[in-house]
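Coordinates as given in data.csv (CSV, C-alpha atoms):
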chain,number,residue,atom,x,y,z
N,1,MET,CA,124.9,197.5,132.0
N,2,THR,CA,127.4,196.8,134.8
N,3,ARG,CA,125.9,193.4,135.4
N,4,LEU,CA,126.2,192.6,131.7
N,5,VAL,CA,129.8,193.6,131.7
N,6,ILE,CA,130.5,191.6,134.9
N,7,ALA,CA,128.7,188.5,133.5
N,8,THR,CA,130.7,188.8,130.3
N,9,LEU,CA,133.9,189.0,132.2
N,10,PHE,CA,133.1,185.9,134.2
N,11,TRP,CA,132.1,184.0,131.1
N,12,MET,CA,135.4,185.0,129.5
N,13,PHE,CA,137.2,184.0,132.7
N,14,ALA,CA,135.6,180.6,132.6
N,15,LEU,CA,136.4,180.2,128.9
N,16,VAL,CA,140.1,181.0,129.4
N,17,ALA,CA,140.5,179.0,132.6
N,18,GLN,CA,139.1,175.8,131.3
N,19,ALA,CA,142.4,174.0,130.5
N,20,VAL,CA,143.7,173.5,134.0
N,21,GLU,CA,141.7,173.1,137.2
N,22,LEU,CA,142.7,173.6,140.8
N,23,ILE,CA,142.2,170.5,142.8
N,24,SER,CA,143.3,171.7,146.2
N,25,GLY,CA,144.9,174.6,147.9
N,26,PRO,CA,146.4,177.0,147.9
N,27,LYS,CA,147.7,176.4,151.4
N,28,VAL,CA,150.2,178.8,153.0
N,29,MET,CA,152.8,177.2,155.4
N,30,GLN,CA,155.0,179.6,157.4
N,31,SER,CA,158.4,179.2,158.9
N,32,GLU,CA,160.6,181.7,160.8
N,33,SER,CA,161.5,183.9,157.8
N,34,SER,CA,159.7,182.4,154.8
N,35,ALA,CA,156.4,181.0,153.6
N,36,THR,CA,155.5,178.3,151.2
N,37,ILE,CA,152.4,178.4,149.0
N,38,ALA,CA,151.3,174.9,147.8
N,39,TRP,CA,148.5,173.9,145.5
N,40,ARG,CA,147.5,171.0,143.3
N,41,THR,CA,146.1,170.9,139.8
N,42,ASP,CA,144.3,168.2,137.8
N,43,VAL,CA,147.1,168.0,135.3
N,44,ALA,CA,150.8,168.9,135.2
N,45,CYS,CA,151.4,172.5,134.2
N,46,GLY,CA,153.7,175.4,134.9
N,47,THR,CA,154.1,176.8,138.4
N,48,ARG,CA,153.9,180.6,138.9
N,49,ALA,CA,153.2,182.9,141.8
N,50,SER,CA,152.9,186.6,141.9
N,51,VAL,CA,153.3,188.1,145.3
N,52,GLY,CA,153.2,191.6,146.7
N,53,THR,CA,152.3,193.7,149.7
N,54,ALA,CA,149.2,195.1,148.0
N,55,LEU,CA,146.6,193.5,145.8
N,56,ASP,CA,147.4,195.8,142.9
N,57,LYS,CA,151.1,195.5,143.3
N,58,LEU,CA,152.0,191.8,142.9
N,59,ASP,CA,155.4,192.7,141.7
N,60,GLN,CA,157.4,189.6,142.7
N,61,LYS,CA,157.2,186.8,140.2
N,62,LEU,CA,158.3,183.3,141.2
N,63,GLU,CA,158.3,180.2,139.0
N,64,GLY,CA,158.7,176.5,139.6
N,65,PRO,CA,158.8,173.4,137.5
N,66,VAL,CA,156.0,171.7,135.6
N,67,ALA,CA,154.0,169.5,138.0
N,68,ALA,CA,150.6,168.7,139.4
N,69,ASP,CA,151.8,169.4,142.9
N,70,HIS,CA,153.0,172.9,143.1
N,71,SER,CA,154.9,174.8,145.8
N,72,ILE,CA,156.6,178.2,145.8
N,73,THR,CA,158.7,179.4,148.7
N,74,LEU,CA,158.8,183.1,149.5
N,75,PRO,CA,162.0,183.9,151.4
N,76,GLY,CA,162.8,187.1,153.4
N,77,LEU,CA,159.4,188.0,154.6
N,78,VAL,CA,158.7,190.6,157.2
N,79,LYS,CA,156.7,189.7,160.2
N,80,GLY,CA,153.5,191.6,160.7
N,81,THR,CA,153.1,192.2,156.9
N,82,THR,CA,150.2,191.1,154.9
N,83,TYR,CA,151.2,189.5,151.6
N,84,TYR,CA,148.9,189.1,148.6
N,85,TYR,CA,149.4,186.5,146.0
N,86,GLU,CA,148.1,184.9,142.8
N,87,VAL,CA,149.0,181.4,141.8
N,88,GLY,CA,148.7,179.4,138.6
N,89,SER,CA,150.7,178.9,135.4
N,90,ALA,CA,152.0,181.5,133.1
N,91,ARG,CA,148.8,181.6,131.1
N,92,GLN,CA,146.3,181.0,133.8
N,93,LYS,CA,145.7,182.4,137.2
N,94,LEU,CA,144.1,179.7,139.3
N,95,ALA,CA,143.6,181.3,142.7
N,96,ALA,CA,144.4,184.3,144.7
N,97,GLY,CA,144.6,185.1,148.4
N,98,SER,CA,146.5,186.8,151.2
N,99,PHE,CA,148.2,186.0,154.5
N,100,LEU,CA,149.6,187.8,157.5
N,101,PHE,CA,153.1,186.7,157.9
N,102,GLY,CA,154.0,185.8,161.4
N,103,SER,CA,150.4,185.1,162.4
N,104,THR,CA,149.4,181.9,164.1
N,105,SER,CA,146.7,181.3,161.5
N,106,PRO,CA,148.6,180.4,158.3
N,107,ALA,CA,145.7,179.3,156.2
N,108,ALA,CA,145.2,181.1,152.9
N,109,SER,CA,142.3,183.5,152.8
N,110,PRO,CA,140.4,184.2,149.6
N,111,ALA,CA,141.1,187.5,147.8
N,112,PRO,CA,138.5,190.2,147.9
N,113,PRO,CA,135.9,189.9,145.2
N,114,ALA,CA,137.2,193.1,143.5
N,115,ALA,CA,140.2,191.0,142.4
N,116,ALA,CA,138.1,189.0,139.9
N,117,PRO,CA,138.1,191.5,136.9
N,118,LYS,CA,141.9,192.1,137.4
N,119,SER,CA,142.4,188.4,137.2
N,120,LEU,CA,140.7,188.3,133.8
N,121,LEU,CA,142.8,191.1,132.5
N,122,ASN,CA,145.8,189.2,133.7
N,123,LYS,CA,144.6,186.1,131.8
N,124,ILE,CA,144.4,188.0,128.6
N,125,VAL,CA,147.9,189.6,129.2
N,126,ASP,CA,149.1,186.1,130.1
N,127,ALA,CA,148.3,184.9,126.7
N,128,LEU,CA,151.2,187.0,125.5
N,129,THR,CA,153.4,185.5,128.1
N,130,PRO,CA,155.3,182.3,127.5
N,131,GLU,CA,154.7,179.3,129.8
N,132,PRO,CA,157.2,178.5,132.5
N,133,PRO,CA,159.8,175.9,131.7
N,134,LYS,CA,158.5,172.5,130.8
N,135,PRO,CA,160.5,169.3,130.2
N,136,LYS,CA,162.3,169.2,127.0
N,137,PRO,CA,161.0,166.6,124.5
N,138,ALA,CA,163.1,163.5,124.2
N,139,ALA,CA,164.4,164.6,120.8
N,140,THR,CA,166.7,167.0,122.6
N,141,ALA,CA,168.6,164.3,124.3
N,142,PRO,CA,172.4,164.4,124.0
N,143,THR,CA,172.3,161.5,121.6
N,144,ALA,CA,170.2,163.4,119.1
N,145,ALA,CA,171.7,164.6,115.8
N,146,ARG,CA,173.0,168.2,115.6
N,147,ALA,CA,170.4,170.5,114.0
N,148,PRO,CA,171.3,172.3,110.8
N,149,PRO,CA,171.8,176.1,111.0
N,150,THR,CA,168.7,178.0,112.0
N,151,ARG,CA,168.4,179.7,108.7
N,152,GLN,CA,167.9,176.3,107.1
N,153,THR,CA,165.3,175.0,109.6
N,154,TRP,CA,163.1,178.1,110.5
N,155,GLY,CA,160.6,179.2,107.8
N,156,ARG,CA,160.7,183.0,108.2
N,157,ILE,CA,163.8,184.0,110.2
N,158,ASP,CA,162.4,187.4,111.0
N,159,THR,CA,159.6,185.8,113.0
N,160,LEU,CA,161.8,183.5,115.1
N,161,GLN,CA,162.4,186.0,117.9
N,162,ASP,CA,158.6,186.5,118.4
N,163,HIS,CA,158.0,182.8,118.5
N,164,TYR,CA,160.9,182.2,120.9
N,165,ASP,CA,159.7,185.1,123.1
N,166,ARG,CA,156.3,183.5,123.4
N,167,HIS,CA,157.0,179.8,123.4
N,168,GLY,CA,160.7,179.3,124.2
N,169,ALA,CA,160.0,178.8,127.9
N,170,ASP,CA,157.8,175.8,127.0
N,171,PHE,CA,160.9,173.9,126.2
N,172,GLN,CA,163.4,175.7,128.4
N,173,SER,CA,165.1,177.0,125.3
N,174,THR,CA,168.1,179.1,126.0
N,175,SER,CA,168.1,181.1,122.8
N,176,PRO,CA,166.2,181.5,119.5
N,177,ASP,CA,168.7,179.2,117.9
N,178,ASP,CA,168.2,176.6,120.6
N,179,TYR,CA,164.4,176.9,120.2
N,180,ALA,CA,164.7,176.5,116.4
N,181,ALA,CA,166.9,173.5,116.9
N,182,GLN,CA,164.5,171.8,119.2
N,183,ALA,CA,161.7,172.3,116.7
N,184,TRP,CA,163.9,170.7,114.1
N,185,HIS,CA,164.6,167.8,116.4
N,186,PHE,CA,160.9,167.4,117.0
N,187,LEU,CA,160.3,167.1,113.3
N,188,GLN,CA,162.9,164.3,113.2
N,189,ARG,CA,160.8,162.4,115.7
N,190,GLY,CA,157.8,162.8,113.4
N,191,LYS,CA,159.9,161.6,110.5
N,192,ALA,CA,161.0,158.6,112.5
N,193,GLY,CA,157.4,157.7,113.2
N,194,GLN,CA,157.7,158.3,116.9
N,195,VAL,CA,154.9,160.9,117.1
N,196,PRO,CA,151.7,161.4,115.1
N,197,MET,CA,151.6,163.9,112.1
N,198,LYS,CA,148.8,165.5,110.1
N,199,TRP,CA,149.0,167.0,106.7
N,200,ASP,CA,146.8,169.9,105.7
N,201,ASP,CA,146.3,169.9,101.9
N,202,SER,CA,144.7,173.3,101.9
N,203,ASP,CA,147.8,175.1,102.8
N,204,SER,CA,150.4,172.3,102.5
N,205,SER,CA,151.3,172.5,106.2
N,206,LEU,CA,152.4,169.7,108.5
N,207,ARG,CA,151.4,169.4,112.1
N,208,VAL,CA,153.2,167.2,114.6
N,209,TYR,CA,152.2,166.4,118.2
N,210,ASP,CA,153.6,164.4,121.1
N,211,PRO,CA,150.8,163.3,123.4
N,212,LYS,CA,153.2,162.6,126.2
N,213,THR,CA,155.0,166.0,126.4
N,214,ARG,CA,152.2,167.9,124.7
N,215,ALA,CA,154.7,169.5,122.4
N,216,PHE,CA,153.2,170.7,119.1
N,217,ALA,CA,154.8,172.1,116.0
N,218,ALA,CA,153.7,173.2,112.5
N,219,TYR,CA,155.9,173.1,109.5
N,220,ASN,CA,155.9,174.5,106.0
N,221,ARG,CA,155.7,172.2,102.9
N,222,ASP,CA,159.5,172.3,102.7
N,223,GLY,CA,159.9,171.1,106.3
N,224,THR,CA,160.9,174.5,107.8
N,225,THR,CA,159.3,175.4,111.1
N,226,LYS,CA,156.3,177.7,111.4
N,227,THR,CA,155.9,177.5,115.2
N,228,TYR,CA,156.6,175.2,118.1
N,229,PHE,CA,154.8,175.3,121.5
N,230,CYS,CA,153.0,173.3,124.1
N,231,PRO,CA,149.2,173.8,123.9
N,232,ASN,CA,147.2,174.2,127.1
N,233,SER,CA,144.1,172.7,125.7
N,234,PRO,CA,143.9,168.9,126.0
N,235,THR,CA,141.8,168.7,122.8
N,236,TYR,CA,144.1,171.0,120.7
N,237,TRP,CA,145.5,168.2,118.6
N,238,GLN,CA,142.1,166.6,118.0
N,239,ARG,CA,140.8,169.9,116.7
N,240,GLN,CA,143.7,170.5,114.3
N,241,PRO,CA,142.8,170.0,110.6
N,242,GLY,CA,144.5,167.6,108.3
N,243,ARG,CA,144.8,163.9,107.5
N,244,PRO,CA,147.2,161.5,109.2
N,245,ILE,CA,150.4,161.2,107.2
N,246,SER,CA,153.2,158.7,107.4
N,247,PRO,CA,156.9,159.7,107.2
N,248,ALA,CA,157.1,158.0,103.7
N,249,GLN,CA,154.4,160.3,102.4
N,250,LEU,CA,156.1,163.6,103.4
N,251,PRO,CA,157.0,165.8,100.4
N,252,PHE,CA,160.4,166.6,101.8
N,253,LYS,CA,163.3,164.5,103.2
S,1,MET,CA,157.1,188.8,91.7
S,2,LYS,CA,155.4,190.7,94.4
S,3,ALA,CA,154.4,188.6,97.4
S,4,THR,CA,150.8,188.6,98.5
S,5,SER,CA,150.0,190.3,101.7
S,6,HIS,CA,147.2,189.5,104.1
S,7,THR,CA,145.3,191.5,106.6
S,8,CYS,CA,145.2,190.8,110.4
S,9,LEU,CA,141.6,190.1,111.4
S,10,VAL,CA,142.3,191.6,114.8
S,11,CYS,CA,144.1,194.9,114.2
S,12,GLY,CA,144.0,195.4,110.4
S,13,PHE,CA,147.7,195.2,109.9
S,14,ASP,CA,147.9,194.6,106.1
S,15,GLN,CA,151.3,192.9,105.6
S,16,LEU,CA,150.8,189.5,107.1
S,17,LYS,CA,152.7,186.9,105.0
S,18,GLU,CA,150.0,184.2,105.2
S,19,ALA,CA,146.2,184.1,105.3
S,20,PRO,CA,145.2,183.9,109.0
S,21,ARG,CA,143.1,180.9,108.2
S,22,ALA,CA,143.6,178.1,105.7
S,23,LYS,CA,140.6,176.8,103.7
S,24,SER,CA,140.6,173.8,106.1
S,25,GLY,CA,140.0,176.3,109.0
S,26,GLY,CA,143.5,175.8,110.4
S,27,GLY,CA,145.4,178.7,111.8
S,28,SER,CA,148.5,180.0,110.0
S,29,PHE,CA,150.4,180.2,113.3
S,30,GLU,CA,151.7,183.6,112.2
S,31,ILE,CA,152.1,186.1,115.0
S,32,CYS,CA,150.8,189.5,113.9
S,33,PRO,CA,153.8,191.7,114.4
S,34,ALA,CA,151.5,194.6,115.1
S,35,CYS,CA,149.0,193.3,117.7
S,36,GLY,CA,150.7,190.0,118.6
S,37,PHE,CA,147.8,187.8,117.9
S,38,GLN,CA,148.9,184.3,116.9
S,39,PHE,CA,146.3,182.7,114.6
S,40,GLY,CA,145.7,179.1,115.6
S,41,VAL,CA,147.1,179.6,119.1
S,42,SER,CA,145.7,182.8,120.7
S,43,ASP,CA,142.3,181.7,119.5
S,44,ASP,CA,142.3,177.9,119.2
S,45,ASP,CA,144.4,177.2,122.3
S,46,ASP,CA,144.0,180.3,124.6
S,47,GLY,CA,140.3,180.6,123.7
S,48,LEU,CA,140.5,184.4,123.0
S,49,THR,CA,138.3,186.0,120.4
S,50,TYR,CA,139.5,188.7,117.9
S,51,GLU,CA,137.4,191.2,119.7
S,52,GLU,CA,138.8,190.4,123.2
S,53,TRP,CA,142.4,190.6,121.9
S,54,ARG,CA,141.6,193.8,120.0
S,55,GLU,CA,140.1,195.4,123.1
S,56,ASP,CA,143.1,194.4,125.2
S,57,TRP,CA,145.6,195.6,122.6
S,58,ILE,CA,143.8,199.0,122.4
S,59,THR,CA,143.8,199.2,126.2
S,60,ARG,CA,147.6,198.6,126.1
S,61,GLY,CA,148.0,201.6,123.8
S,62,MET,CA,148.2,199.8,120.4
S,63,GLU,CA,151.9,199.3,120.7
S,64,TRP,CA,153.9,197.5,118.0
S,65,SER,CA,154.2,193.9,119.3
S,66,SER,CA,157.1,192.3,117.4
S,67,THR,CA,160.6,192.4,118.7
S,68,GLY,CA,162.0,190.8,115.6
S,69,ILE,CA,160.2,192.6,112.9
S,70,LYS,CA,160.7,196.4,112.6
S,71,GLN,CA,157.7,198.7,112.8
S,72,PRO,CA,157.0,200.2,109.3
S,73,ARG,CA,157.5,203.9,109.3
S,74,ALA,CA,154.1,204.4,107.7
S,75,TRP,CA,152.3,202.2,110.2
S,76,LYS,CA,149.2,203.9,111.4
S,77,PRO,CA,147.3,201.5,113.8
S,78,GLU,CA,144.3,203.7,114.2
S,79,ALA,CA,143.6,203.8,110.4
S,80,LEU,CA,144.2,200.1,110.0
S,81,LEU,CA,142.0,199.3,112.9
S,82,LYS,CA,139.2,201.1,111.3
S,83,SER,CA,139.4,198.8,108.3
S,84,VAL,CA,138.6,195.7,110.4
S,85,THR,CA,136.0,197.3,112.6
S,86,LYS,CA,134.2,198.8,109.6
S,87,LYS,CA,134.1,195.4,107.9
S,88,LYS,CA,132.6,194.0,111.1
S,89,ALA,CA,130.0,196.7,111.3
S,90,LYS,CA,128.8,196.0,107.7
Please, can you express the file's structure as structure tokens?
Amino acid sequence: MTRLVIATLFWMFALVAQAVELISGPKVMQSESSATIAWRTDVACGTRASVGTALDKLDQKLEGPVAADHSITLPGLVKGTTYYYEVGSARQKLAAGSFLFGSTSPAASPAPPAAAPKSLLNKIVDALTPEPPKPKPAATAPTAARAPPTRQTWGRIDTLQDHYDRHGADFQSTSPDDYAAQAWHFLQRGKAGQVPMKWDDSDSSLRVYDPKTRAFAAYNRDGTTKTYFCPNSPTYWQRQPGRPISPAQLPFK
Amino acid sequence: MKATSHTCLVCGFDQLKEAPRAKSGGGSFEICPACGFQFGVSDDDDGLTYEEWREDWITRGMEWSSTGIKQPRAWKPEALLKSVTKKKAK
């Protein structure tokens, strides 16, 4: 029974972790009072490290920019202390390890096997956690038009907070209103023919995707926003239903 | 006119505003205010099944997820949960 549970957990682990892969690292480089953990991923993604002095107490969360080459510096470390860490993006833990600060052997060591089930739990919990900041889509450039009031652009206003909590960090949104405005700007790019759109006749919804920034949004038939986020999966857009639609065919202006 | 409600396939919350899945198979993108599952994202992007999310939600104490939508006074997660797990058992 235990083997079955462990096998299932590893299968789930692999399923959830498929989007981003670790190419190299993590390496730990130490200086007098700090250490830097560096790693590389196959595609650009968020940078997050959880660090602590015990494997079950990784209470220090550090974040960095979206990149393929990641590094996080841990300041104010105490010599002679063993630090444990996990690195990855907000949704995925890619690796874990530990190091003795002040030692002459700074290479990262793998975490004990017991850490694996915890990592899976973290992955599931991470699905609730928004991604770290990613570059804003071009539509939010200073030259873009000012968005209408949020109540006019967001479909169900009582849901905005939850969508912002979950996805706002994908676009470095500073508030729910900012997040809603960015989603509206994104739609303007679709309407300008700058990014592909799909129309789903079965529920009259519009999907818009930018392959460059990986920004994705769904809109109601009246053009108000349902959601706006950056999918992790590289095949997400391809798997979305609907037929390609041109700006002229949209049922709203 | 009374709006139609839909049931969350994960936790049984029966006041979703949209069907979790359209006829095309696409997700509604609605975030269940009870369990926090986002149809079309938690599953289609994060790769989690309803069962996995449900188990995790139960483990976390079946807390009301939404910060923007108020928890209904009469909300009884244990009873609603039974409605989806019973359907599954049939």
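As for CA of Lys226 (chain N) and CA of Val41 (chain S), they are spaced 12.1 Å apart.
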Residues of chain S that approach chain N to 7 Å or less, counting only C-alpha atoms: could you list each one with the shortest pair of atoms and its distance in Å to one decimal, rows by chain and increasing residue number, as JSON lines?
{"residue": "S:Ala22", "atom": "CA", "partner": "N:Asp203", "partner_atom": "CA", "distance": 5.9}
{"residue": "S:Lys23", "atom": "CA", "partner": "N:Ser202", "partner_atom": "CA", "distance": 5.7}
{"residue": "S:Ser24", "atom": "CA", "partner": "N:Ser202", "partner_atom": "CA", "distance": 5.9}
{"residue": "S:Gly26", "atom": "CA", "partner": "N:Pro241", "partner_atom": "CA", "distance": 5.8}
{"residue": "S:Phe29", "atom": "CA", "partner": "N:Thr227", "partner_atom": "CA", "distance": 6.4}
{"residue": "S:Ser42", "atom": "CA", "partner": "N:Ala127", "partner_atom": "CA", "distance": 6.9}
{"residue": "S:Asp45", "atom": "CA", "partner": "N:Ser233", "partner_atom": "CA", "distance": 5.6}
{"residue": "S:Asp46", "atom": "CA", "partner": "N:Val16", "partner_atom": "CA", "distance": 6.2}
{"residue": "S:Gly47", "atom": "CA", "partner": "N:Val16", "partner_atom": "CA", "distance": 5.7}
{"residue": "S:Ser66", "atom": "CA", "partner": "N:Asp162", "partner_atom": "CA", "distance": 6.1}
{"residue": "S:Thr67", "atom": "CA", "partner": "N:Asp162", "partner_atom": "CA", "distance": 6.2}
{"residue": "S:Gly68", "atom": "CA", "partner": "N:Gln161", "partner_atom": "CA", "distance": 5.3}
{"residue": "S:Ile69", "atom": "CA", "partner": "N:Asp158", "partner_atom": "CA", "distance": 6.0}
List the neighbours of Asp178 (chain N) out to 12 Å using only C-alpha atoms; skip same-chain residues closer than 2 positions along the sequence, and give me the result as a list in words.
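Surrounding residues, per the criterion: Lys136, Thr140, Arg146, Ala147, Pro148, Pro149, Thr150, Thr153, Trp154, Leu160, Gln161, Tyr164, His167, Gly168, Ala169, Phe171, Gln172, Ser173, Thr174, Ser175, Pro176, Ala180, Ala181, Gln182, Ala183, Trp184, His185 and Tyr228 of chain N.
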Of S:Arg60, S:Lys86, S:Arg54, S:Lys76, the one sitting nearest Asp14 (chain S) when using all atoms listed in the file is S:Lys76
From the options S:Ser65, S:Ile58, S:Thr85, S:Val10, which residue's atoms come nearest to Phe39 (chain S), counting all atoms listed in the file?
S:Val10
Quick check, in Å to one decimal: how far apart do CA of Gln194 (chain N) and CA of Leu250 (chain N) lie?
14.6 Å
Would you save region 45-75 of chain S from the block above with C-alpha atoms, as a short mmCIF file (atom, residue, chain, number, x, y, z; two decimals), in the first residue's frame?
data_model
loop_
_atom_site.label_atom_id
_atom_site.label_comp_id
_atom_site.auth_asym_id
_atom_site.auth_seq_id
_atom_site.Cartn_x
_atom_site.Cartn_y
_atom_site.Cartn_z
CA ASP S 45 -2.54 24.28 -16.89
CA ASP S 46 -1.46 23.05 -13.47
CA GLY S 47 -2.36 19.45 -14.33
CA LEU S 48 -4.26 18.76 -11.12
CA THR S 49 -7.25 16.45 -11.02
CA TYR S 50 -10.46 17.19 -9.12
CA GLU S 51 -9.59 14.40 -6.70
CA GLU S 52 -6.11 15.76 -6.01
CA TRP S 53 -7.43 19.25 -5.34
CA ARG S 54 -10.26 17.90 -3.20
CA GLU S 55 -7.88 15.83 -1.09
CA ASP S 56 -5.61 18.81 -0.59
CA TRP S 57 -8.53 21.09 0.26
CA ILE S 58 -9.83 18.62 2.81
CA THR S 59 -6.36 18.31 4.29
CA ARG S 60 -6.24 22.09 4.65
CA GLY S 61 -9.45 22.02 6.66
CA MET S 62 -12.02 22.84 3.95
CA GLU S 63 -11.68 26.55 4.51
CA TRP S 64 -13.59 29.11 2.44
CA SER S 65 -11.17 30.12 -0.28
CA SER S 66 -12.43 33.42 -1.67
CA THR S 67 -11.30 36.73 -0.27
CA GLY S 68 -13.68 38.70 -2.49
CA ILE S 69 -16.87 36.69 -2.12
CA LYS S 70 -18.39 36.29 1.32
CA GLN S 71 -18.94 32.86 2.73
CA PRO S 72 -22.70 32.08 2.80
CA ARG S 73 -24.02 31.63 6.32
CA ALA S 74 -25.61 28.34 5.44
CA TRP S 75 -22.51 26.95 3.76
#
